[in-house]
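Step one of this worksheet: look at the structure below.
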Amino acid sequence: MAERSTEEIEEILIREVANILSMDPAAISADAPFHSLGMNSLAFVELLVVIEEMLDLKLMETDLRREDFQSAQSLALRISTMK
Amino acid sequence: MVRLPYSKKKRYLTGIDWIVQGLDYLNRRATGGGNMFQVVMELDGVVAEDELREALGRISEKFPVVNGRVRRDYNLAPYWEMPSRTAKTALPLIVQHLQDDQDVFPFLERAANMPFGNQREHLAFHLIGSGGRSYAAVTFDHCLFDAHGAEAFLRMLEEEWGKKGPCTRESVPSEPPHLSEWRRKFEAGRQVNRAFLRLTKGAGARVLPLVSSTSKQGFRFRVIPFNEQQSKKIMERADREAGYLMATPYTMAVTAQILHSIFTERGVCSGDYIVPLTMDARQRGGVAGDVFFNHVSFFLFRIDGREVEDFSMLLKSIKKQMYEQVRAGLARHMVEASSLMRIVPLPILSYLIRVYLKGEAASFCFSFLGETGQMATSFMGKKVDRSYHMTRVPIPPGLGVFFQQSQGRLSAYLSYVESLLTEDEVNAIVEGLRLRLGG
């Protein structure tokens with residue numbers, strides 16, 4: 001994976017979440033829990049697949065703990081520790 | 001793809017719409033009633049019948065699509081024919097006053113099984129008064145609405161309430177006949193075919209035997225409502241055991257274990273469980289832009305009969321299959337590939353659906369309808385205390401377990417064709433779901 005800062009990853013996540021949920025990226029706050037945006041299991045798996053392919057990671061096989069995965073902010077932090 | 005300005009009188013059906021028509025044909029043949037579902041709103045107050053009739057009149061005038069019917073075009077693509085401007089068809093409304101609250105649910109069950117009057121009828125309303133409360137039950141034809149679309153439609157109906165003055169006729173977004181890019185469709189078909197072959201290899205699906213004639217039978221329903229606190233706990237448990245936002249695999253795994261004990265007691269022990277999962281496939285604009293017709297796709301899960309008792313292994317397998325199907329784009333391929341099926345007349349399509357899946361189709365149907373924010377919080381000026389979905393499941397398998405989340409509360413539903421389960425089995429499933437989930 002090319003080196004990306006946590007902020008850059010956060011931006012990518014917000015863009016992809018907006019794409020999947022047909023939302024305006026500007027309307028998504030980095031700390032907004034995904035479930036409060038209307039994300040369901042399938043949309044979440046779709047996000048993980050996109051991010052895995054883009055950043056060459058394995059996310060689905062992890063424990064998917066809420067505190068690490070529930071927002072663009074927490075997920076970006078988690079991803080940057082996986083680098 | 002460029003969207004051509006097709007006639008406003010025609011809305012071409014997608015392949016998924018055609019598959020839903022095929023399932024409708026199967027259900028009508030099996031029980032007399034089609035592929036329908038009912039949404040019930042429990043209201044805090046008495047709804048004025050004349051106000052509801054007026055709102056129904058307005059919505060029927062505003063959205064003539066609700067009185068359309070299926071036709072085939074000269075290019076053989078099936079389409080939805082909009083009624084002429086002069087045709088006015090009132091949406092059916094039956095009003096019933098019940099003395100005893102205990103009579104409400106049996107009435108709702110009967111209403112959910114009532115076939116539509118004719119080819120142009122796709123909605124039916126029941127208004128039930130009991131004590132100081134009322135229940136608005138709306139039967140939707142799956143050929144015109146999916147579950148999310150139905151919720152959005154009820155919200156639009158609520159918006160028409162109390163409006164005066166002329167009503168503007170609105171057309172639904174156009175849909176082209178999709179008679180191009182055949183190569184892509186055939187490639188998608190190949191992908192779907194491979195996935196189906198993988199799922200159906202070996203012994204057929206475990207199924208509960210249907211009685212040979214179900215024509216006089218309807219569907220029975222059980223609703224398991226959880227309160228806000230219980231729902232929160234269920235979601236927390238799903239988070240802990242399956243992972244964040246993994247409520248769908250979690251509830252599917254719980255359901256599979258509970259049904260497994262019923263199948264085993266009956267001696268249905270060979271093969272694996274095949275479980276179709278309906279999913280929302282709207283891409284842009286969310287539900288509000290696509291209220292009518294079916295914007296869904298399907299996933300298929302194979303649950304190994306030998307692994308089902310080990311919950312953590314079962315959960316892992318369901319999550320893995322969900323991941324692999326998303327990764328392979330199966331839902332998208334299914335939408336593409338199904339458009340090839342539109343050439344096939346419904347009697348042949350319904351036959352093919354059965355033959356393709358070795359006559360057994362699936363062990364049980366499953367879906368998890370998440371919070372959409374579309375469900376009306378009030379109806380005809382009365383607060384909606386709770387809403388329920390009662391879905392007639394395709395036959396076969398004639399058995400389904402569904403979950404719905406609305407306003408922070410979760411409900412589980414069991415739907416089955418009358419002769420499929422005994423009363424003891426039904427009670428065991430309901431208790432099992434209540435205990436495993438609600439505690």
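Ligands are numbered from 1 in the order shown, residues from 1 within each chain, and chains are lettered A, B, ... in the order they appear in the structure tokens.
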
Just need the residues of chain A within 10 Å of chain B, counting only C-alpha atoms, so spit them out as an mmCIF file with C-alpha atoms, in the first residue's frame.
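In the end it all went to out.cif:
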```
data_model
loop_
_atom_site.group_PDB
_atom_site.id
_atom_site.type_symbol
_atom_site.label_atom_id
_atom_site.label_comp_id
_atom_site.auth_asym_id
_atom_site.auth_seq_id
_atom_site.Cartn_x
_atom_site.Cartn_y
_atom_site.Cartn_z
ATOM 1 C CA ASN A 19 -20.750 6.855 -2.842
ATOM 2 C CA ILE A 20 -22.286 3.720 -1.329
ATOM 3 C CA LEU A 21 -25.030 5.599 0.530
ATOM 4 C CA SER A 22 -25.686 8.096 -2.287
ATOM 5 C CA MET A 23 -24.915 11.003 0.007
ATOM 6 C CA PHE A 34 -21.888 4.554 10.089
ATOM 7 C CA HIS A 35 -25.121 3.056 11.403
ATOM 8 C CA SER A 36 -26.482 6.552 12.064
ATOM 9 C CA LEU A 37 -25.937 7.313 8.369
ATOM 10 C CA GLY A 38 -28.224 4.432 7.424
ATOM 11 C CA MET A 39 -25.507 1.904 6.641
ATOM 12 C CA ASN A 40 -26.503 -1.760 6.915
ATOM 13 C CA SER A 41 -24.538 -5.016 6.855
ATOM 14 C CA LEU A 42 -24.375 -5.228 3.072
ATOM 15 C CA ALA A 43 -23.362 -1.622 2.559
ATOM 16 C CA PHE A 44 -20.708 -2.048 5.246
ATOM 17 C CA VAL A 45 -19.288 -5.163 3.579
ATOM 18 C CA GLU A 46 -19.295 -3.246 0.297
ATOM 19 C CA LEU A 47 -17.239 -0.496 1.977
ATOM 20 C CA LEU A 48 -14.785 -3.036 3.376
ATOM 21 C CA VAL A 49 -14.356 -4.665 -0.038
ATOM 22 C CA VAL A 50 -13.663 -1.305 -1.717
ATOM 23 C CA GLU A 53 -8.908 -3.455 -2.749
ATOM 24 C CA MET A 60 -13.254 -8.532 6.926
ATOM 25 C CA GLU A 61 -11.159 -11.209 8.601
ATOM 26 C CA THR A 62 -10.564 -9.037 11.660
ATOM 27 C CA ASP A 63 -12.846 -8.878 14.701
ATOM 28 C CA LEU A 64 -14.741 -5.827 13.310
ATOM 29 C CA ARG A 65 -14.871 -4.242 16.765
ATOM 30 C CA ARG A 66 -17.321 -1.364 16.939
ATOM 31 C CA GLU A 67 -14.840 1.073 18.463
ATOM 32 C CA ASP A 68 -12.459 0.555 15.537
ATOM 33 C CA PHE A 69 -14.945 0.372 12.696
ATOM 34 C CA GLN A 70 -17.849 2.644 13.528
#
```

* To do: Name the residues of region 3-75 of chain A that come out as alpha helix (DSSP H) in a backbone DSSP run; write them as number ranges by chain.
  => A: 6-21, 41-55, 66-69, 72-75

Do you know which residues are at most 12 Å from Thr81 (chain A) counting only C-alpha atoms, after dropping those on the same chain fewer than 4 positions away, and could you put them as a ChimeraX atom specification? /A:3-6,9,57,68,74-77

Selection above as a file: N, CA and C atoms, as a PDB file, in the first residue's frame:
```
ATOM      1  N   GLU A   3       2.091   4.799   0.967  1.00  0.00           N
ATOM      2  CA  GLU A   3       1.957   5.468   2.274  1.00  0.00           C
ATOM      3  C   GLU A   3       0.914   6.563   2.217  1.00  0.00           C
ATOM      4  N   ARG A   4      -0.052   6.481   3.093  1.00  0.00           N
ATOM      5  CA  ARG A   4      -1.088   7.509   3.146  1.00  0.00           C
ATOM      6  C   ARG A   4      -1.261   7.924   4.597  1.00  0.00           C
ATOM      7  N   SER A   5      -1.509   9.190   4.795  1.00  0.00           N
ATOM      8  CA  SER A   5      -1.700   9.664   6.168  1.00  0.00           C
ATOM      9  C   SER A   5      -3.104   9.266   6.644  1.00  0.00           C
ATOM     10  N   THR A   6      -3.306   9.333   7.956  1.00  0.00           N
ATOM     11  CA  THR A   6      -4.617   9.004   8.521  1.00  0.00           C
ATOM     12  C   THR A   6      -5.683   9.926   7.930  1.00  0.00           C
ATOM     13  N   ILE A   9      -6.639   8.776   4.475  1.00  0.00           N
ATOM     14  CA  ILE A   9      -7.481   7.571   4.539  1.00  0.00           C
ATOM     15  C   ILE A   9      -8.904   7.964   4.957  1.00  0.00           C
ATOM     16  N   LEU A  57      -5.537  -4.412   1.915  1.00  0.00           N
ATOM     17  CA  LEU A  57      -5.627  -4.831   3.326  1.00  0.00           C
ATOM     18  C   LEU A  57      -6.604  -5.987   3.460  1.00  0.00           C
ATOM     19  N   ASP A  68     -13.428   0.339  16.615  1.00  0.00           N
ATOM     20  CA  ASP A  68     -12.459   0.555  15.537  1.00  0.00           C
ATOM     21  C   ASP A  68     -13.122   0.824  14.184  1.00  0.00           C
ATOM     22  N   SER A  74     -12.464   6.571  13.220  1.00  0.00           N
ATOM     23  CA  SER A  74     -11.891   5.425  13.940  1.00  0.00           C
ATOM     24  C   SER A  74     -11.325   4.384  12.971  1.00  0.00           C
ATOM     25  N   LEU A  75     -12.000   4.202  11.840  1.00  0.00           N
ATOM     26  CA  LEU A  75     -11.521   3.208  10.875  1.00  0.00           C
ATOM     27  C   LEU A  75     -10.198   3.663  10.230  1.00  0.00           C
ATOM     28  N   ALA A  76     -10.080   4.961   9.975  1.00  0.00           N
ATOM     29  CA  ALA A  76      -8.837   5.481   9.395  1.00  0.00           C
ATOM     30  C   ALA A  76      -7.673   5.254  10.364  1.00  0.00           C
ATOM     31  N   LEU A  77      -7.949   5.470  11.635  1.00  0.00           N
ATOM     32  CA  LEU A  77      -6.917   5.242  12.661  1.00  0.00           C
ATOM     33  C   LEU A  77      -6.499   3.780  12.692  1.00  0.00           C
TER      34      LEU A  77
END
```

* Asked: If you run DSSP on this backbone, which residues of region 301-416 of chain B come out as strand (DSSP E or B), and could you give them as a ChimeraX atom specification?
  -> /B:301-303,365-369,378-379,382-391,399-406,409-416

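Near region 168-183 of chain B, within 6 Å and counting only C-alpha atoms, sit Arg11, Tyr12, Lys62 and Phe63 of chain B, not including residues fewer than 4 positions from it in the same chain.
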
List as a PyMOL selection string the protein and nucleic acid residues near Gly408 (chain B), meaning an atom at most 8 Å away when only C-alpha atoms are counted, but skip any in the same chain fewer than 4 places from it. chain B and resi 228+231-232+371

Keeping only all heavy atoms, write those residues as an mmCIF file, in the first residue's frame.
```
data_model
loop_
_atom_site.group_PDB
_atom_site.id
_atom_site.type_symbol
_atom_site.label_atom_id
_atom_site.label_comp_id
_atom_site.auth_asym_id
_atom_site.auth_seq_id
_atom_site.Cartn_x
_atom_site.Cartn_y
_atom_site.Cartn_z
ATOM 1 N N GLU B 228 -37.537 -1.050 22.760
ATOM 2 C CA GLU B 228 -36.326 -0.305 22.421
ATOM 3 C C GLU B 228 -35.096 -0.827 23.164
ATOM 4 O O GLU B 228 -34.016 -0.976 22.590
ATOM 5 C CB GLU B 228 -36.555 1.169 22.741
ATOM 6 C CG GLU B 228 -35.892 2.067 21.749
ATOM 7 C CD GLU B 228 -36.353 3.502 21.875
ATOM 8 O OE1 GLU B 228 -37.560 3.730 22.067
ATOM 9 O OE2 GLU B 228 -35.484 4.384 21.795
ATOM 10 N N SER B 231 -34.149 -4.231 21.837
ATOM 11 C CA SER B 231 -33.555 -4.084 20.499
ATOM 12 C C SER B 231 -32.109 -3.613 20.595
ATOM 13 O O SER B 231 -31.232 -4.085 19.863
ATOM 14 C CB SER B 231 -34.360 -3.083 19.657
ATOM 15 O OG SER B 231 -35.695 -3.470 19.604
ATOM 16 N N LYS B 232 -31.883 -2.686 21.524
ATOM 17 C CA LYS B 232 -30.525 -2.156 21.708
ATOM 18 C C LYS B 232 -29.584 -3.286 22.145
ATOM 19 O O LYS B 232 -28.466 -3.419 21.644
ATOM 20 C CB LYS B 232 -30.579 -1.049 22.767
ATOM 21 C CG LYS B 232 -29.389 -0.151 22.767
ATOM 22 C CD LYS B 232 -29.622 1.087 23.602
ATOM 23 C CE LYS B 232 -28.292 1.787 23.799
ATOM 24 N NZ LYS B 232 -27.901 1.974 25.157
ATOM 25 N N GLU B 371 -33.159 0.147 9.286
ATOM 26 C CA GLU B 371 -33.764 1.470 9.476
ATOM 27 C C GLU B 371 -33.562 2.297 8.202
ATOM 28 O O GLU B 371 -32.444 2.448 7.729
ATOM 29 C CB GLU B 371 -33.032 2.140 10.640
ATOM 30 C CG GLU B 371 -33.724 3.280 11.274
ATOM 31 C CD GLU B 371 -34.564 2.872 12.479
ATOM 32 O OE1 GLU B 371 -34.070 2.167 13.379
ATOM 33 O OE2 GLU B 371 -35.718 3.295 12.504
#
```

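Counting from CA of Val95 (chain B), the distance to CA of Arg409 (chain B) is 28.3 Å.
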
Requested in this report: Write out as a ChimeraX atom specification the residues lying within 7 Å of Phe298 (chain B), counting only C-alpha atoms and excluding same-chain residues fewer than 5 positions away.
Outcome: /B:276-279,331

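The two atoms in question, CA of Glu159 (chain B) and CA of Met390 (chain B), are spaced 23.7 Å apart.
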